[in-house]
Amino acid sequence: MSRTNFQELLDAGVHFGHLARKWNPKMAPYIFDQKNGIHVIDLHKTIGKIDEAAEEMKQLAKSGRKILFVATKKQAKDIVKEKATAVNMPSITERWAGGMLTNFPTIRKAIKKMSTIDKMKEDGTFDKLAKRERLQVDRQRAKLEKNLGSIRDMSRLPSALFVIDVQKEANAVKEANRLNIPVFAMVDTCCDPTPIDYVIPANDDATKSIECVLNVLCAAIQEGLEERKLEKDKEAAAEESSEEAKPARKLRARKGAAAEEPAQKAA
């Protein structure tokens with residue numbers, strides 16, 4: 001059963017591609033028609049690609065792995081941040097810092113700096129600084145929060161990237177490719193789908209289109225998280241019952257040994 005339907009995608013304008021004269025020929029397999037100089041995306045193919053990406057994302061979430069959402073364009077950033085946060089996934093919505101993946105230890109140091117400033121405020125060290133120094137530290141903290149706050153809990157490289165607008169986020173895609181990190185992406189008709197592992201042919205310029213696709217993918221991630229929780233709860237319950245059964249097993253073993261002793265003596 002499909003996770004989305006044709007009418008939902010149509011109503012959200014997911015089928016609107018770019019100007020035909022700006023197209024990328026590599027997107028030809030996903031183009032249905034051309035109308036008023038604008039390419040129309042084949043939504044039947046989009047549905048298949050969304051389902052494929054959603055299933056893969058669900059499995060990643062179920063195995064406890066992280067998917068980094070990347071979208072810095074105006075139409076996408078707010079909705080991406082909201083949806084990623086709701087499913088406990090990291091996101092970059094302000095600016096892609098060069099080396100975010102390929103130089104991850106340096107990024108972790110910057111995040112650590114943020115935690116150090118927070119500790120200074122908690123233990124009173126911050127209050128002992130001169131007024132000018134406090135202002136500088138506050139500005140530094142605000143800048144770090146804006147650019148890296150949404151990935152502060154990401155202690156290791158993500159297992160996958162989800163990208164909106166592969167042209168704008170070309171650096172993120174390049175870094176992921178270099179490290180063999182799978183890339184999921186909404187790909188418009190003007191983009192090159194070659195570097196993308198899971199291509200979702202779709203309008204990446206309209207907020208409604210972006211939200212429609214995100215709703216399906218994040219629902220799949222949520223399913224994966226819930227299944228993971230259920231499995232962990234089952235394991236915990238099994239361990240608990242196993243621990244409770246230990247004294248009974250020991251008692252049975254002792255009774256068995258006690259019954260064997262008289263039999264051995266009689267023999």
# chains A, B, ... in the order shown; residues from 1 in each chain; ligands from 1
$ residues_around --residues "stretch 224-232 of chain A" --least-positions-apart "6" --cutoff "6 Å" --atoms "only C-alpha atoms" --output "MDAnalysis selection string"
chainID A and resid 58 61:62
$ select_by_dssp --residues "stretch 80-152 of chain A" --states "alpha helix (DSSP H)" --output "NGL selection string"
:A and (80-86 or 104-123 or 131-148)
$ atom_distance --atom1 "atom CA of A:Asn36" --atom2 "atom CA of A:Leu10"
17.4 Å
$ residues_around --residues "A:Ala20" --least-positions-apart "3" --cutoff "10 Å" --atoms "only C-alpha atoms" --output "ChimeraX atom specification"
/A:17,23-24,33-40,189-190
$ write_last_selection --atoms "N, CA and C atoms" --output "PDB file, in the first residue's frame"
ATOM      1  N   GLY A  17       7.382  21.431 -12.246  1.00  0.00           N
ATOM      2  CA  GLY A  17       8.830  21.454 -12.382  1.00  0.00           C
ATOM      3  C   GLY A  17       9.326  22.861 -12.672  1.00  0.00           C
ATOM      4  N   TRP A  23      15.946  22.998 -17.965  1.00  0.00           N
ATOM      5  CA  TRP A  23      15.903  21.627 -17.470  1.00  0.00           C
ATOM      6  C   TRP A  23      17.257  20.926 -17.529  1.00  0.00           C
ATOM      7  N   ASN A  24      17.359  19.847 -16.757  1.00  0.00           N
ATOM      8  CA  ASN A  24      18.533  18.973 -16.837  1.00  0.00           C
ATOM      9  C   ASN A  24      18.080  17.688 -17.533  1.00  0.00           C
ATOM     10  N   ASP A  33       5.283  15.741 -18.955  1.00  0.00           N
ATOM     11  CA  ASP A  33       4.842  16.610 -20.056  1.00  0.00           C
ATOM     12  C   ASP A  33       5.442  18.007 -19.890  1.00  0.00           C
ATOM     13  N   GLN A  34       5.107  18.876 -20.818  1.00  0.00           N
ATOM     14  CA  GLN A  34       5.524  20.282 -20.761  1.00  0.00           C
ATOM     15  C   GLN A  34       4.295  21.156 -21.003  1.00  0.00           C
ATOM     16  N   LYS A  35       4.063  22.116 -20.134  1.00  0.00           N
ATOM     17  CA  LYS A  35       2.879  22.968 -20.268  1.00  0.00           C
ATOM     18  C   LYS A  35       3.258  24.420 -20.024  1.00  0.00           C
ATOM     19  N   ASN A  36       2.916  25.280 -20.962  1.00  0.00           N
ATOM     20  CA  ASN A  36       3.235  26.716 -20.868  1.00  0.00           C
ATOM     21  C   ASN A  36       4.716  26.965 -20.547  1.00  0.00           C
ATOM     22  N   GLY A  37       5.585  26.163 -21.151  1.00  0.00           N
ATOM     23  CA  GLY A  37       7.023  26.340 -20.964  1.00  0.00           C
ATOM     24  C   GLY A  37       7.557  25.815 -19.649  1.00  0.00           C
ATOM     25  N   ILE A  38       6.708  25.061 -18.915  1.00  0.00           N
ATOM     26  CA  ILE A  38       7.126  24.502 -17.613  1.00  0.00           C
ATOM     27  C   ILE A  38       6.989  22.979 -17.661  1.00  0.00           C
ATOM     28  N   HIS A  39       7.980  22.287 -17.166  1.00  0.00           N
ATOM     29  CA  HIS A  39       7.922  20.822 -17.140  1.00  0.00           C
ATOM     30  C   HIS A  39       6.962  20.336 -16.060  1.00  0.00           C
ATOM     31  N   VAL A  40       6.258  19.266 -16.385  1.00  0.00           N
ATOM     32  CA  VAL A  40       5.336  18.642 -15.433  1.00  0.00           C
ATOM     33  C   VAL A  40       5.934  17.298 -15.026  1.00  0.00           C
ATOM     34  N   THR A 189      13.317  19.511 -11.737  1.00  0.00           N
ATOM     35  CA  THR A 189      13.676  19.179 -13.125  1.00  0.00           C
ATOM     36  C   THR A 189      14.924  19.905 -13.629  1.00  0.00           C
ATOM     37  N   CYS A 190      15.395  20.906 -12.883  1.00  0.00           N
ATOM     38  CA  CYS A 190      16.599  21.644 -13.312  1.00  0.00           C
ATOM     39  C   CYS A 190      17.867  21.066 -12.693  1.00  0.00           C
TER      40      CYS A 190
END
$ residues_around --residues "A:Pro25" --least-positions-apart "2" --cutoff "12 Å" --atoms "only C-alpha atoms" --output "list in words"
Ala20, Arg21, Lys22, Trp23, Met27, Ala28, Pro29, Tyr30, Ile31, His39, Asp188, Thr189, Cys190, Cys191, Asp192, Pro193 and Thr194 of chain A
$ residues_around --residues "stretch 102-108 of chain A" --least-positions-apart "2" --cutoff "12 Å" --atoms "only C-alpha atoms" --output "number ranges by chain"
A: 96-100, 110-115, 144, 147-149, 151-158, 171-181
$ closest_residue --among "A:Met89, A:Val183, A:Ile164, A:Val80" --to "A:Glu211" --atoms "only C-alpha atoms"
A:Val80
$ residues_around --residues "stretch 49-51 of chain A" --least-positions-apart "6" --cutoff "10 Å" --atoms "only C-alpha atoms" --output "PDB file with N, CA, C and O atoms, in the first residue's frame"
ATOM      1  N   MET A   1       0.844  -1.209   0.000  1.00  0.00           N
ATOM      2  CA  MET A   1       0.000   0.000   0.000  1.00  0.00           C
ATOM      3  C   MET A   1       0.882   1.263   0.000  1.00  0.00           C
ATOM      4  O   MET A   1       1.834   1.353   0.755  1.00  0.00           O
ATOM      5  N   SER A   2       0.513   2.216  -0.851  1.00  0.00           N
ATOM      6  CA  SER A   2       1.302   3.446  -0.960  1.00  0.00           C
ATOM      7  C   SER A   2       1.104   4.342   0.257  1.00  0.00           C
ATOM      8  O   SER A   2       0.025   4.373   0.853  1.00  0.00           O
ATOM      9  N   ARG A   3       2.148   5.069   0.613  1.00  0.00           N
ATOM     10  CA  ARG A   3       2.082   5.949   1.780  1.00  0.00           C
ATOM     11  C   ARG A   3       1.409   7.287   1.465  1.00  0.00           C
ATOM     12  O   ARG A   3       1.070   8.037   2.358  1.00  0.00           O
ATOM     13  N   THR A   4       1.291   7.595   0.191  1.00  0.00           N
ATOM     14  CA  THR A   4       0.651   8.854  -0.196  1.00  0.00           C
ATOM     15  C   THR A   4      -0.217   8.589  -1.419  1.00  0.00           C
ATOM     16  O   THR A   4      -0.197   7.510  -1.994  1.00  0.00           O
ATOM     17  N   LEU A  43       3.849  12.231 -11.476  1.00  0.00           N
ATOM     18  CA  LEU A  43       3.571  11.971 -10.058  1.00  0.00           C
ATOM     19  C   LEU A  43       3.505  10.480  -9.721  1.00  0.00           C
ATOM     20  O   LEU A  43       3.739  10.095  -8.571  1.00  0.00           O
ATOM     21  N   MET A  57      14.059   5.155   5.192  1.00  0.00           N
ATOM     22  CA  MET A  57      14.193   6.047   6.357  1.00  0.00           C
ATOM     23  C   MET A  57      13.622   5.397   7.614  1.00  0.00           C
ATOM     24  O   MET A  57      14.165   5.547   8.704  1.00  0.00           O
ATOM     25  N   PHE A 184      19.253  11.246   0.434  1.00  0.00           N
ATOM     26  CA  PHE A 184      17.860  11.310  -0.010  1.00  0.00           C
ATOM     27  C   PHE A 184      17.627  12.771  -0.409  1.00  0.00           C
ATOM     28  O   PHE A 184      18.108  13.668   0.284  1.00  0.00           O
ATOM     29  N   ALA A 185      16.871  13.025  -1.468  1.00  0.00           N
ATOM     30  CA  ALA A 185      16.651  14.432  -1.844  1.00  0.00           C
ATOM     31  C   ALA A 185      15.410  14.625  -2.690  1.00  0.00           C
ATOM     32  O   ALA A 185      15.041  13.758  -3.494  1.00  0.00           O
ATOM     33  N   MET A 186      14.775  15.794  -2.492  1.00  0.00           N
ATOM     34  CA  MET A 186      13.744  16.253  -3.413  1.00  0.00           C
ATOM     35  C   MET A 186      14.501  16.883  -4.578  1.00  0.00           C
ATOM     36  O   MET A 186      15.282  17.805  -4.379  1.00  0.00           O
ATOM     37  N   TYR A 198      18.715   8.375  -3.337  1.00  0.00           N
ATOM     38  CA  TYR A 198      17.257   8.212  -3.345  1.00  0.00           C
ATOM     39  C   TYR A 198      16.630   9.494  -3.881  1.00  0.00           C
ATOM     40  O   TYR A 198      16.436  10.458  -3.154  1.00  0.00           O
ATOM     41  N   VAL A 199      16.346   9.483  -5.188  1.00  0.00           N
ATOM     42  CA  VAL A 199      15.808  10.663  -5.868  1.00  0.00           C
ATOM     43  C   VAL A 199      14.286  10.714  -5.686  1.00  0.00           C
ATOM     44  O   VAL A 199      13.591   9.735  -5.974  1.00  0.00           O
ATOM     45  N   ILE A 200      13.785  11.866  -5.184  1.00  0.00           N
ATOM     46  CA  ILE A 200      12.337  12.086  -5.130  1.00  0.00           C
ATOM     47  C   ILE A 200      12.049  13.237  -6.095  1.00  0.00           C
ATOM     48  O   ILE A 200      12.275  14.407  -5.765  1.00  0.00           O
ATOM     49  N   PRO A 201      11.595  12.927  -7.343  1.00  0.00           N
ATOM     50  CA  PRO A 201      11.330  14.002  -8.297  1.00  0.00           C
ATOM     51  C   PRO A 201      10.147  14.843  -7.815  1.00  0.00           C
ATOM     52  O   PRO A 201       9.040  14.321  -7.658  1.00  0.00           O
ATOM     53  N   ALA A 202      10.402  16.102  -7.532  1.00  0.00           N
ATOM     54  CA  ALA A 202       9.352  16.943  -6.938  1.00  0.00           C
ATOM     55  C   ALA A 202       9.702  18.419  -7.017  1.00  0.00           C
ATOM     56  O   ALA A 202      10.868  18.789  -7.143  1.00  0.00           O
ATOM     57  N   VAL A 213       5.697  16.250   1.051  1.00  0.00           N
ATOM     58  CA  VAL A 213       6.683  15.158   0.992  1.00  0.00           C
ATOM     59  C   VAL A 213       7.247  14.874   2.389  1.00  0.00           C
ATOM     60  O   VAL A 213       7.380  13.711   2.801  1.00  0.00           O
ATOM     61  N   LEU A 214       7.553  15.937   3.133  1.00  0.00           N
ATOM     62  CA  LEU A 214       8.103  15.773   4.482  1.00  0.00           C
ATOM     63  C   LEU A 214       7.143  15.041   5.413  1.00  0.00           C
ATOM     64  O   LEU A 214       7.569  14.229   6.235  1.00  0.00           O
ATOM     65  N   VAL A 216       5.069  12.695   4.769  1.00  0.00           N
ATOM     66  CA  VAL A 216       5.122  11.246   4.512  1.00  0.00           C
ATOM     67  C   VAL A 216       6.416  10.649   5.074  1.00  0.00           C
ATOM     68  O   VAL A 216       6.399   9.623   5.763  1.00  0.00           O
ATOM     69  N   LEU A 217       7.543  11.310   4.791  1.00  0.00           N
ATOM     70  CA  LEU A 217       8.844  10.782   5.235  1.00  0.00           C
ATOM     71  C   LEU A 217       8.958  10.780   6.759  1.00  0.00           C
ATOM     72  O   LEU A 217       9.448   9.816   7.353  1.00  0.00           O
ATOM     73  N   ALA A 220       6.993   8.071   8.385  1.00  0.00           N
ATOM     74  CA  ALA A 220       7.709   6.782   8.282  1.00  0.00           C
ATOM     75  C   ALA A 220       8.809   6.694   9.343  1.00  0.00           C
ATOM     76  O   ALA A 220       8.999   5.641   9.967  1.00  0.00           O
TER      77      ALA A 220
END
$ atom_distance --atom1 "atom CA of A:Arg95" --atom2 "atom CA of A:Thr72"
6.2 Å
$ residues_around --residues "A:Glu82" --least-positions-apart "4" --cutoff "12 Å" --atoms "only C-alpha atoms" --output "list in words"
Phe69, Ala71, Ala76, Lys77, Asp78, Ala86, Val87, Asn88, Met89, Pro90, Ser91, Ile92, Thr93, Ser150, Glu211, Leu214, Asn215 and Cys218 of chain A
$ write_last_selection --atoms "N, CA and C atoms" --output "CSV table (one decimal), in the first residue's frame"
chain,number,residue,atom,x,y,z
A,69,PHE,N,18.8,16.4,8.2
A,69,PHE,CA,18.0,17.1,7.3
A,69,PHE,C,18.7,18.4,6.9
A,71,ALA,N,18.3,22.0,4.7
A,71,ALA,CA,17.5,22.9,3.8
A,71,ALA,C,17.7,24.3,4.3
A,76,ALA,N,11.9,26.5,2.7
A,76,ALA,CA,12.0,25.1,3.3
A,76,ALA,C,12.5,25.1,4.8
A,77,LYS,N,13.3,26.1,5.1
A,77,LYS,CA,14.0,26.0,6.4
A,77,LYS,C,13.1,25.9,7.6
A,78,ASP,N,12.1,26.7,7.7
A,78,ASP,CA,11.2,26.6,9.0
A,78,ASP,C,10.5,25.2,9.1
A,86,ALA,N,10.5,17.3,15.4
A,86,ALA,CA,9.4,16.4,15.9
A,86,ALA,C,9.8,15.0,15.9
A,87,VAL,N,10.7,14.5,15.0
A,87,VAL,CA,11.1,13.1,15.0
A,87,VAL,C,12.5,12.9,15.5
A,88,ASN,N,12.9,13.9,16.3
A,88,ASN,CA,14.2,13.8,17.0
A,88,ASN,C,15.4,13.6,16.0
A,89,MET,N,15.4,14.3,14.9
A,89,MET,CA,16.5,14.2,13.9
A,89,MET,C,17.2,15.5,13.8
A,90,PRO,N,18.5,15.5,13.6
A,90,PRO,CA,19.3,16.8,13.5
A,90,PRO,C,19.0,17.5,12.2
A,91,SER,N,19.2,18.8,12.1
A,91,SER,CA,18.9,19.6,10.9
A,91,SER,C,19.9,20.7,10.8
A,92,ILE,N,20.1,21.1,9.5
A,92,ILE,CA,20.9,22.3,9.2
A,92,ILE,C,20.0,23.2,8.4
A,93,THR,N,19.6,24.4,8.9
A,93,THR,CA,18.6,25.2,8.2
A,93,THR,C,19.1,26.6,8.0
A,150,SER,N,21.0,23.0,16.2
A,150,SER,CA,20.2,21.9,15.9
A,150,SER,C,20.9,20.5,15.7
A,211,GLU,N,6.3,20.5,2.3
A,211,GLU,CA,5.6,20.0,3.5
A,211,GLU,C,4.9,18.6,3.2
A,214,LEU,N,7.6,15.9,3.1
A,214,LEU,CA,8.1,15.8,4.5
A,214,LEU,C,7.1,15.0,5.4
A,215,ASN,N,5.8,15.3,5.3
A,215,ASN,CA,4.8,14.7,6.1
A,215,ASN,C,4.9,13.2,6.0
A,218,CYS,N,8.5,11.9,7.4
A,218,CYS,CA,8.6,12.0,8.9
A,218,CYS,C,7.6,11.0,9.5
$ atom_distance --atom1 "atom CA of A:Cys212" --atom2 "atom CA of A:Glu94"
21.5 Å
$ select_by_dssp --residues "stretch 45-97 of chain A" --states "strand (DSSP E or B)" --output "PyMOL selection string"
chain A and resi 67-70+91-92
$ closest_residue --among "A:Glu133, A:Asp205, A:Glu122, A:Asp233" --to "A:Gly13" --atoms "only C-alpha atoms"
A:Asp205
